[in-house]
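Chemist: One structure, as structure tokens, below. Some questions next.
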Amino acid sequence: MLEDTSFAIHPGQNLATEHALYQDVGSITSIQRRNGGVTFTCERAYVHLQFYRSDIIRVVMDRAGLPELNSTPAVVAHPEEVDFTVEETEDRVQITSDRLVASVEKKSFRLSVFTPDGQELVGEGNRGIGFKETGEVICFKKMEPEDRFYGFGEKSGFLDKRGESLTMWNTDVYAPHNPETDPLYQSIPYFMALRNGRAYGIYFDNPSKTTFDLKTEKETYSFKGESGKLDYYVLAGAEPKDVIEQYTHITGRMPMPPKWAIGYHQSRYSYESEEEVRALAKTFKEKEIPLDVIYLDIHYMNEYRVFTFDQDRFPNPKKLVEDLKEDGIRIVPIVDPGVKKDPEYDTYKNGVWNDHFCKYLEGDLYFGDVWPGVSAFPDFTDGRTRRWWGNLHQFYTDLGIEGIWNDMNEPAVFNETKTMDTDVIHKHDGDPKTHRQLHNLYGLLMGKATYEGLERNLDGKRPFLLTRAGFAGVQRYASVWTGDNRSFWEHLQMSLPMCMNLGLSGVAFTGPDVGGFAHDTNGELLTRWTQVGAFTPYFRNHSAIGTLYQEPWQFGEEYETIIKRYIQLRYEWLPQLYSLFYEAHTSGLPIMRPLMLEYPSDPKTYGLYDQFMIGDNTLVAPIMQPEVTDRAVYLPGGEWVDYFGGTVYEGGTTHLVHAELDTLPLFVKRGTVIAKRPSGKRAKEEQQELELHAYAHTKGNYETIVYDDDGETTKYRRGEAMKLGISIECQEDQVAISIKNELEWSLPYKKCSFVLHGLEDHQKVRINGEVQSGVWTEQGLKVDVTTES
Ligand code: MIG
């Protein structure tokens with residue numbers, strides 16, 4: 001292809017001059033209060049500012065008339081009533097709520113946004129809003145030298161995206177991902193900017209090809225859409241965590257996953273037969289390596305027809321699913337959107353007959369080549385088709401299947417453009433638009449159709465969905481894995497900032513293919529990768545056809561033992577992780593966090609991409625190079641305990657830490673608490689024991705919530721859940737813990753204890769006011785507690 005040759009750097013490309021081709025909306029001629037906001041009539045367009053909340057303001061531009069206030073399916077929030085004032089001076093209009101001040105310059109409609117105490121968040125660019133006759137829209141903003149940029153969904157490269165230009169156009173990229181591979185499978189036209197500890201966010205609600213340009217000009221950045229509206233939300237922060245809360249208020253938060261979805265998963269393209277799957281499950285069982293899911297990749301189907309099983313390879317899927325479930329293992333099959341063109345195949349026949357597939361405006365079906373050969377593609381923009389597709393999943397749920405894996409839903413097509421023709425028309429619930437205008441919604445809406453279909457068929461059980469493609473709001477339906485990585489150390493390194501930026505973009509439930517998908521892994525890489533995987537929210541080992549098999553035991557006992565240990569560690573930490581999933585469900589905050597999210601005032605954290613936090617008190621600094629057993633670890637403010645060795649490290653500085661192959665550098669902050677199970681075995685009894693590990697300190701307070709519920713039904717939505725409010729107050733002479741069940745639900749544990757690490761001799765332990773004696777164990781003082789429910 002030409003773009004892969006030197007033709008791509010043909011002389012005569014100039015980004016900066018391209019910006020000059022936009023027309024400006026012109027100066028404001030009148031203003032009017034309307035729809036919970038203010039409409040500005042400008043010389044060449046209309047711009048409407050609308051409050052969604054007092055800390056979220058939306059900006060919509062339309063050239064033709066008063067902007068319509070409809071949104072893409074990414075947006076689930078409704079505008080709230082907000083008290084605001086409008087003041088007009090000769091050259092500006094100022095709109096004030098209790099959380100932000102929006103200031104509009106009249107001469108050329110430029111918008112800046114301030115905190116109530118007058119600190120600038122969003123600054124005006126050297127230009128404002130522009131458009132081209134071709135339908136492109138653009139918006140310019142000021143970029144200060146110290147501004148950092150995070151988010152943008154699924155992107156390769158480092159954590160901070162300043163100096164880059166990022167494009168949103170869902171794309172299947174099998175070619176090795178490198179730091180400039182862009183775009184990838186997910187499009188989340190959103191970012192968070194950080195300036196000296198203060199943050200704001202921009203969400204650009206446009207599903208066509210959009211580009212965020214943080215490189216072409218020194219003091220200005222821009223975001224533009226190839227078609228559609230200029231429609232963006234300013235999220236007024238002013239802390240990074242506030243921005244995520246605001247962004248996920250607009251685009252939604254993840255439901256609680258079933259517990260089995262956050263255990264260890266094993267996959268391969270493909271486990272090709274029932275015997276192979278049974279043998280695999282048996283090996284896990286014999287070796288006592290905990291496992292929750294086995295995936296079925298495309299070979300399970302009859303010639304790649306979705307909603308079928310190959311009779312020879314999988315003669316009795318129902319029995320297979322049943323038997324495996326008995327051992328606590330679920331089957332998750334892959335479902336691609338392409339439906340094989342075959343008039344005797346029901347899904348195809350009924351889809352055509354009932355007009356569910358994408359067509360050209362003139363009425364011809366669109367066909368593209370994918371695994372099944374010539375295929376038609378459901379039009380997920382139509383609610384009627386989403387329902388049809390969702391209901392088809394009864395085929396799987398009748399077999400006892402509770403989770404689905406969506407792949408190729410960019411949609412990927414084997415052709416030059418890698419996707420559907422852009423002039424295909426989508427029904428879009430009565431507002432037809434071309435694929436060019438809606439491309440980035442395809443994966444999201446396939447996810448919506450699938451998740452809701454599963455929900456309807458699962459009778460109160462929580463579904464699990466894994467997806468490759470998506471758009472803003474994908475977190476409401478699916479977990480996201482980062483696509484076709486390779487078994488390269490560099491790809492292990494790259495997976496950290498990738499997942500952290502997804503997390504900052506509202507997608508908490510994310511992880512890469514552990515061990516690497518393409519290319520051959522090896523024992524050392526798989527071991528180091530599994531150590532990281534034990535702490536990434538989504539934890540699946542997956543590898544490609546033709547590569548070495550990479551199940552935990554494939555590289556000999558030395559590696560197997562360590563890999564097993566870390567998979568068990570995952571299970572020990574499940575109560576902590578599950579509580580963090582609950583936080584993601586309620587506030588949108590990611591589980592896997594860059595340090596800047598917890599320490600936004602510490603500039604040392606701004607670029608840190610090779611270590612991460614789990615929640616607000618655990619720090620993971622993996623080794624990600626071959627034959628390396630030492631690394632620099634930056635520990636932010638506070639004191640940190642080495643989880644395995646017990647050494648206490650001073651924060652606010654960098655330490656050289658030693659870690660042989662069997663050790664993941666892992667640190668817990670002193671003065672805080674984590675919730676665990678006593679062992680990583682999967683037996684029922686183990687799950688009925690809760691251990692709360694307090695890392696004693698001599699000063700400071702900490703509060704947290706330990707959450708639990710039945711782990712598989714939707715009853716938690718009605719309050720059938722446990723919320724243990726735990727607070728710990730450390731002083732010179734005592735550690736005072738209070739623990740309180742905040743809901744009525746009775747505790748699901750037979751036993752609950754506190755383990756106090758690093759207690760000083762002279763420190764007493766109080767729990768809910770009473771001095772405790774406890775028993776000294778290897779780990780520290782152990783106190784059994786009974787909590788009132
Ligand atoms: O590129 O279904 O990213 O995880 O194993 C082939 C086969 C299509 C791509 C997915 C990969 C999956 C593979 N699929």
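Chain labels run A, B, ... following the order of the structure tokens; each chain numbers its residues from 1, and ligands are numbered from 1 in the order shown.
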Could you give me, as a ChimeraX atom specification, each residue of segment 514-719 of chain A that DSSP assigns to strand (DSSP E) when run on this structure's backbone?
Modeler: /A:514,540-541,592-593,612-614,618-620,630-635,639-642,648-650,653-658,666-669,673-676,689-695,701-709
Chemist: Could you take the residues named above and write them with C-alpha atoms, as an mmCIF file, in the first residue's frame?
Modeler:
data_model
loop_
_atom_site.group_PDB
_atom_site.id
_atom_site.type_symbol
_atom_site.label_atom_id
_atom_site.label_comp_id
_atom_site.auth_asym_id
_atom_site.auth_seq_id
_atom_site.Cartn_x
_atom_site.Cartn_y
_atom_site.Cartn_z
ATOM 1 C CA VAL A 514 -1.266 -11.495 28.734
ATOM 2 C CA ARG A 540 -6.677 -13.007 30.121
ATOM 3 C CA ASN A 541 -3.875 -15.018 28.584
ATOM 4 C CA MET A 592 -5.662 0.706 37.505
ATOM 5 C CA ARG A 593 -4.503 4.294 37.929
ATOM 6 C CA PHE A 612 0.740 2.171 38.263
ATOM 7 C CA MET A 613 -1.560 2.160 41.237
ATOM 8 C CA ILE A 614 -4.399 -0.137 42.166
ATOM 9 C CA THR A 618 -1.242 0.064 46.221
ATOM 10 C CA LEU A 619 1.606 0.612 43.804
ATOM 11 C CA VAL A 620 2.785 -1.864 41.173
ATOM 12 C CA ASP A 630 16.443 -4.384 39.541
ATOM 13 C CA ARG A 631 14.498 -1.286 38.712
ATOM 14 C CA ALA A 632 13.945 2.280 39.785
ATOM 15 C CA VAL A 633 10.638 2.789 41.542
ATOM 16 C CA TYR A 634 9.228 6.195 42.271
ATOM 17 C CA LEU A 635 7.233 6.196 45.482
ATOM 18 C CA GLU A 639 5.670 5.705 53.493
ATOM 19 C CA TRP A 640 5.404 2.455 51.588
ATOM 20 C CA VAL A 641 5.699 -1.155 52.650
ATOM 21 C CA ASP A 642 7.183 -3.706 50.283
ATOM 22 C CA VAL A 648 9.485 0.249 54.655
ATOM 23 C CA TYR A 649 10.404 2.872 52.046
ATOM 24 C CA GLU A 650 10.277 6.605 52.368
ATOM 25 C CA THR A 653 11.777 9.776 46.073
ATOM 26 C CA THR A 654 13.060 7.037 43.787
ATOM 27 C CA HIS A 655 14.424 3.746 45.067
ATOM 28 C CA LEU A 656 16.383 0.997 43.398
ATOM 29 C CA VAL A 657 14.416 -2.161 44.056
ATOM 30 C CA HIS A 658 15.607 -5.713 43.582
ATOM 31 C CA LEU A 666 4.443 -4.261 44.931
ATOM 32 C CA PHE A 667 3.954 -1.645 47.642
ATOM 33 C CA VAL A 668 1.187 -0.752 50.039
ATOM 34 C CA LYS A 669 0.973 2.663 51.610
ATOM 35 C CA VAL A 673 -6.074 -1.042 54.554
ATOM 36 C CA ILE A 674 -6.540 -3.675 51.871
ATOM 37 C CA ALA A 675 -9.094 -6.498 51.785
ATOM 38 C CA LYS A 676 -8.041 -10.026 50.886
ATOM 39 C CA GLU A 689 -13.135 -15.649 54.823
ATOM 40 C CA LEU A 690 -12.250 -12.006 54.699
ATOM 41 C CA GLU A 691 -8.940 -10.665 55.885
ATOM 42 C CA LEU A 692 -8.488 -6.949 56.316
ATOM 43 C CA HIS A 693 -4.841 -6.021 56.238
ATOM 44 C CA ALA A 694 -3.998 -2.789 57.965
ATOM 45 C CA TYR A 695 -0.539 -1.344 57.425
ATOM 46 C CA ASN A 701 -6.165 8.822 58.798
ATOM 47 C CA TYR A 702 -7.560 6.704 56.037
ATOM 48 C CA GLU A 703 -11.017 5.618 54.997
ATOM 49 C CA THR A 704 -12.173 3.007 52.568
ATOM 50 C CA ILE A 705 -15.127 0.860 51.597
ATOM 51 C CA VAL A 706 -14.938 -2.897 51.320
ATOM 52 C CA TYR A 707 -17.732 -4.033 49.074
ATOM 53 C CA ASP A 708 -19.216 -7.430 48.410
ATOM 54 C CA ASP A 709 -22.413 -8.959 47.075
#
Chemist: List all protein, DNA and RNA residues that have an atom no more than 6 Å from any atom of ligand 1, counting only C-alpha atoms and all ligand atoms, and report them as a PyMOL selection string.
Modeler: chain A and resi 269+297-298+407+483-484+544
Chemist: Restricting the calculation to only C-alpha atoms: of A:Gln32, A:Asn409, A:Asn522, A:Thr89, which residue gets closest to Asp336 of chain A?
Modeler: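 So, comparing all the options, the nearest one is A:Asn409.
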Chemist: Please return as JSON, numbers by chain: the residues of segment 146-309 of chain A that backbone DSSP assigns to alpha helix (DSSP H).
Modeler: {"A": [240, 241, 242, 243, 244, 245, 246, 247, 248, 249, 250, 251, 274, 275, 276, 277, 278, 279, 280, 281, 282, 283, 284, 285, 286]}
Chemist: Enter the distance from atom CA of Ala281 of chain A to atom CA of Pro552 of chain A, in Å, rounded to one decimal.
Modeler: 12.4 Å
Chemist: I'd like the interatomic distance between atom CA of Arg677 of chain A and atom CA of Leu574 of chain A, to a tenth of an Å.
Modeler: 7.3 Å
Chemist: For segment 118-134 of chain A, list every protein, DNA or RNA residue within 8 Å, evaluated using only C-alpha atoms, and leave out those in the same chain fewer than 6 positions away; present the list as a list in words.
Modeler: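 Using only C-alpha atoms, the neighbours found are Leu21, Tyr22, Gln23, Asp24, Val25, Val101, Ser108, Phe109, Arg110, Leu111, Ser112, Phe140, Lys141, Lys142, Met143, Arg198, Ala199, Tyr200, Glu219, Thr220, Tyr221 and Ala236 of chain A.
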Chemist: Considering only C-alpha atoms, state which residue in the set A:Asp117, A:Glu627, A:Glu136, A:Glu551 is at the smallest distance from Gln266 of chain A.
Modeler: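 Going through A:Asp117, A:Glu627, A:Glu136, A:Glu551 one by one, the smallest distance to Gln266 of chain A is for A:Glu551.
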Chemist: Measuring between only C-alpha atoms, which one of A:Tyr578, A:Gln550, A:Asp761, A:Ser97 shows the shortest distance to Met722 of chain A?
Modeler: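 Checking each candidate against Met722 of chain A, we get A:Tyr578 as the closest.
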Chemist: Using Å and a single decimal, report how far atom CA of Phe204 of chain A sits from atom CA of Pro189 of chain A.
Modeler: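 It comes out at 5.4 Å.
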Chemist: Closest to Cys499 of chain A among A:Leu184, A:Gly516, A:Pro537, A:Pro622, using only C-alpha atoms?
Modeler: A:Pro537
Chemist: Got a sec: who's within 6 Å of Gly403 of chain A, counting only C-alpha atoms, leaving out chain neighbours fewer than 4 positions off, as a list of chain:residue names?
Modeler: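 Everything that qualifies: A:Val332, A:Pro463, A:Phe464, A:Leu465.
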Chemist: Which neighbours of Ile56 of chain A fall inside 10 Å, counting only C-alpha atoms, when residues of the same chain fewer than 6 positions from it are skipped, and could you give them as a PyMOL selection string?
Modeler: chain A and resi 50+79-80+97+99-100+201-202+233-237+243+246-247+249-250
Chemist: Which residue gives the smallest distance to Ile289 of chain A among A:Val93, A:Leu504, A:Ile562, A:Val321, with only C-alpha atoms counted?
Modeler: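 Going through A:Val93, A:Leu504, A:Ile562, A:Val321 one by one, the smallest distance to Ile289 of chain A is for A:Ile562.
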Chemist: Find the residues near Thr210 of chain A: any atom within 9 Å, counting only C-alpha atoms, skip ones fewer than 3 places away on the same chain, and give them as an MDAnalysis selection string.
Modeler: chainID A and resid 166:169 187 189 204 206:207 223:227
Chemist: Given the choices A:His428, A:Lys287, A:Arg386, A:His762, which gets closest to Gln734 of chain A if the distance is worked out from only C-alpha atoms?
Modeler: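 The closest residue to Gln734 of chain A is A:His762.
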Chemist: Write out as a ChimeraX atom specification each polymer residue whose atoms come within 8 Å of Phe357 of chain A, counting only C-alpha atoms; drop sequence neighbours fewer than 4 positions from it.
Modeler: /A:351-352,365-366,376-379
Chemist: How would the residues just picked look written out with N, CA, C and O atoms as a PDB file, in the first residue's frame?
Modeler:
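Output file again_34.pdb is given in full below:
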ATOM      1  N   GLY A 351     -32.201 -12.158   8.522  1.00  0.00           N
ATOM      2  CA  GLY A 351     -31.662 -10.800   8.546  1.00  0.00           C
ATOM      3  C   GLY A 351     -31.997 -10.056   7.274  1.00  0.00           C
ATOM      4  O   GLY A 351     -32.404  -8.885   7.306  1.00  0.00           O
ATOM      5  N   VAL A 352     -31.857 -10.734   6.141  1.00  0.00           N
ATOM      6  CA  VAL A 352     -32.181 -10.090   4.864  1.00  0.00           C
ATOM      7  C   VAL A 352     -33.692  -9.877   4.776  1.00  0.00           C
ATOM      8  O   VAL A 352     -34.180  -8.794   4.449  1.00  0.00           O
ATOM      9  N   LEU A 365     -27.691  -4.427  -0.681  1.00  0.00           N
ATOM     10  CA  LEU A 365     -27.003  -4.804   0.550  1.00  0.00           C
ATOM     11  C   LEU A 365     -25.515  -4.497   0.428  1.00  0.00           C
ATOM     12  O   LEU A 365     -24.935  -4.619  -0.650  1.00  0.00           O
ATOM     13  N   TYR A 366     -24.909  -4.161   1.543  1.00  0.00           N
ATOM     14  CA  TYR A 366     -23.449  -4.047   1.564  1.00  0.00           C
ATOM     15  C   TYR A 366     -22.872  -5.409   1.938  1.00  0.00           C
ATOM     16  O   TYR A 366     -23.288  -6.018   2.922  1.00  0.00           O
ATOM     17  N   ALA A 376     -22.748 -10.135   5.288  1.00  0.00           N
ATOM     18  CA  ALA A 376     -23.557  -8.930   5.493  1.00  0.00           C
ATOM     19  C   ALA A 376     -23.373  -8.481   6.940  1.00  0.00           C
ATOM     20  O   ALA A 376     -22.972  -9.268   7.801  1.00  0.00           O
ATOM     21  N   PHE A 377     -23.649  -7.210   7.197  1.00  0.00           N
ATOM     22  CA  PHE A 377     -23.380  -6.634   8.517  1.00  0.00           C
ATOM     23  C   PHE A 377     -24.651  -6.025   9.111  1.00  0.00           C
ATOM     24  O   PHE A 377     -25.252  -5.149   8.497  1.00  0.00           O
ATOM     25  N   PRO A 378     -25.027  -6.474  10.305  1.00  0.00           N
ATOM     26  CA  PRO A 378     -26.236  -5.920  10.929  1.00  0.00           C
ATOM     27  C   PRO A 378     -26.105  -4.405  11.119  1.00  0.00           C
ATOM     28  O   PRO A 378     -25.025  -3.907  11.406  1.00  0.00           O
ATOM     29  N   ASP A 379     -27.216  -3.714  10.964  1.00  0.00           N
ATOM     30  CA  ASP A 379     -27.206  -2.268  11.168  1.00  0.00           C
ATOM     31  C   ASP A 379     -27.586  -1.984  12.628  1.00  0.00           C
ATOM     32  O   ASP A 379     -28.753  -1.772  12.953  1.00  0.00           O
TER      33      ASP A 379
END
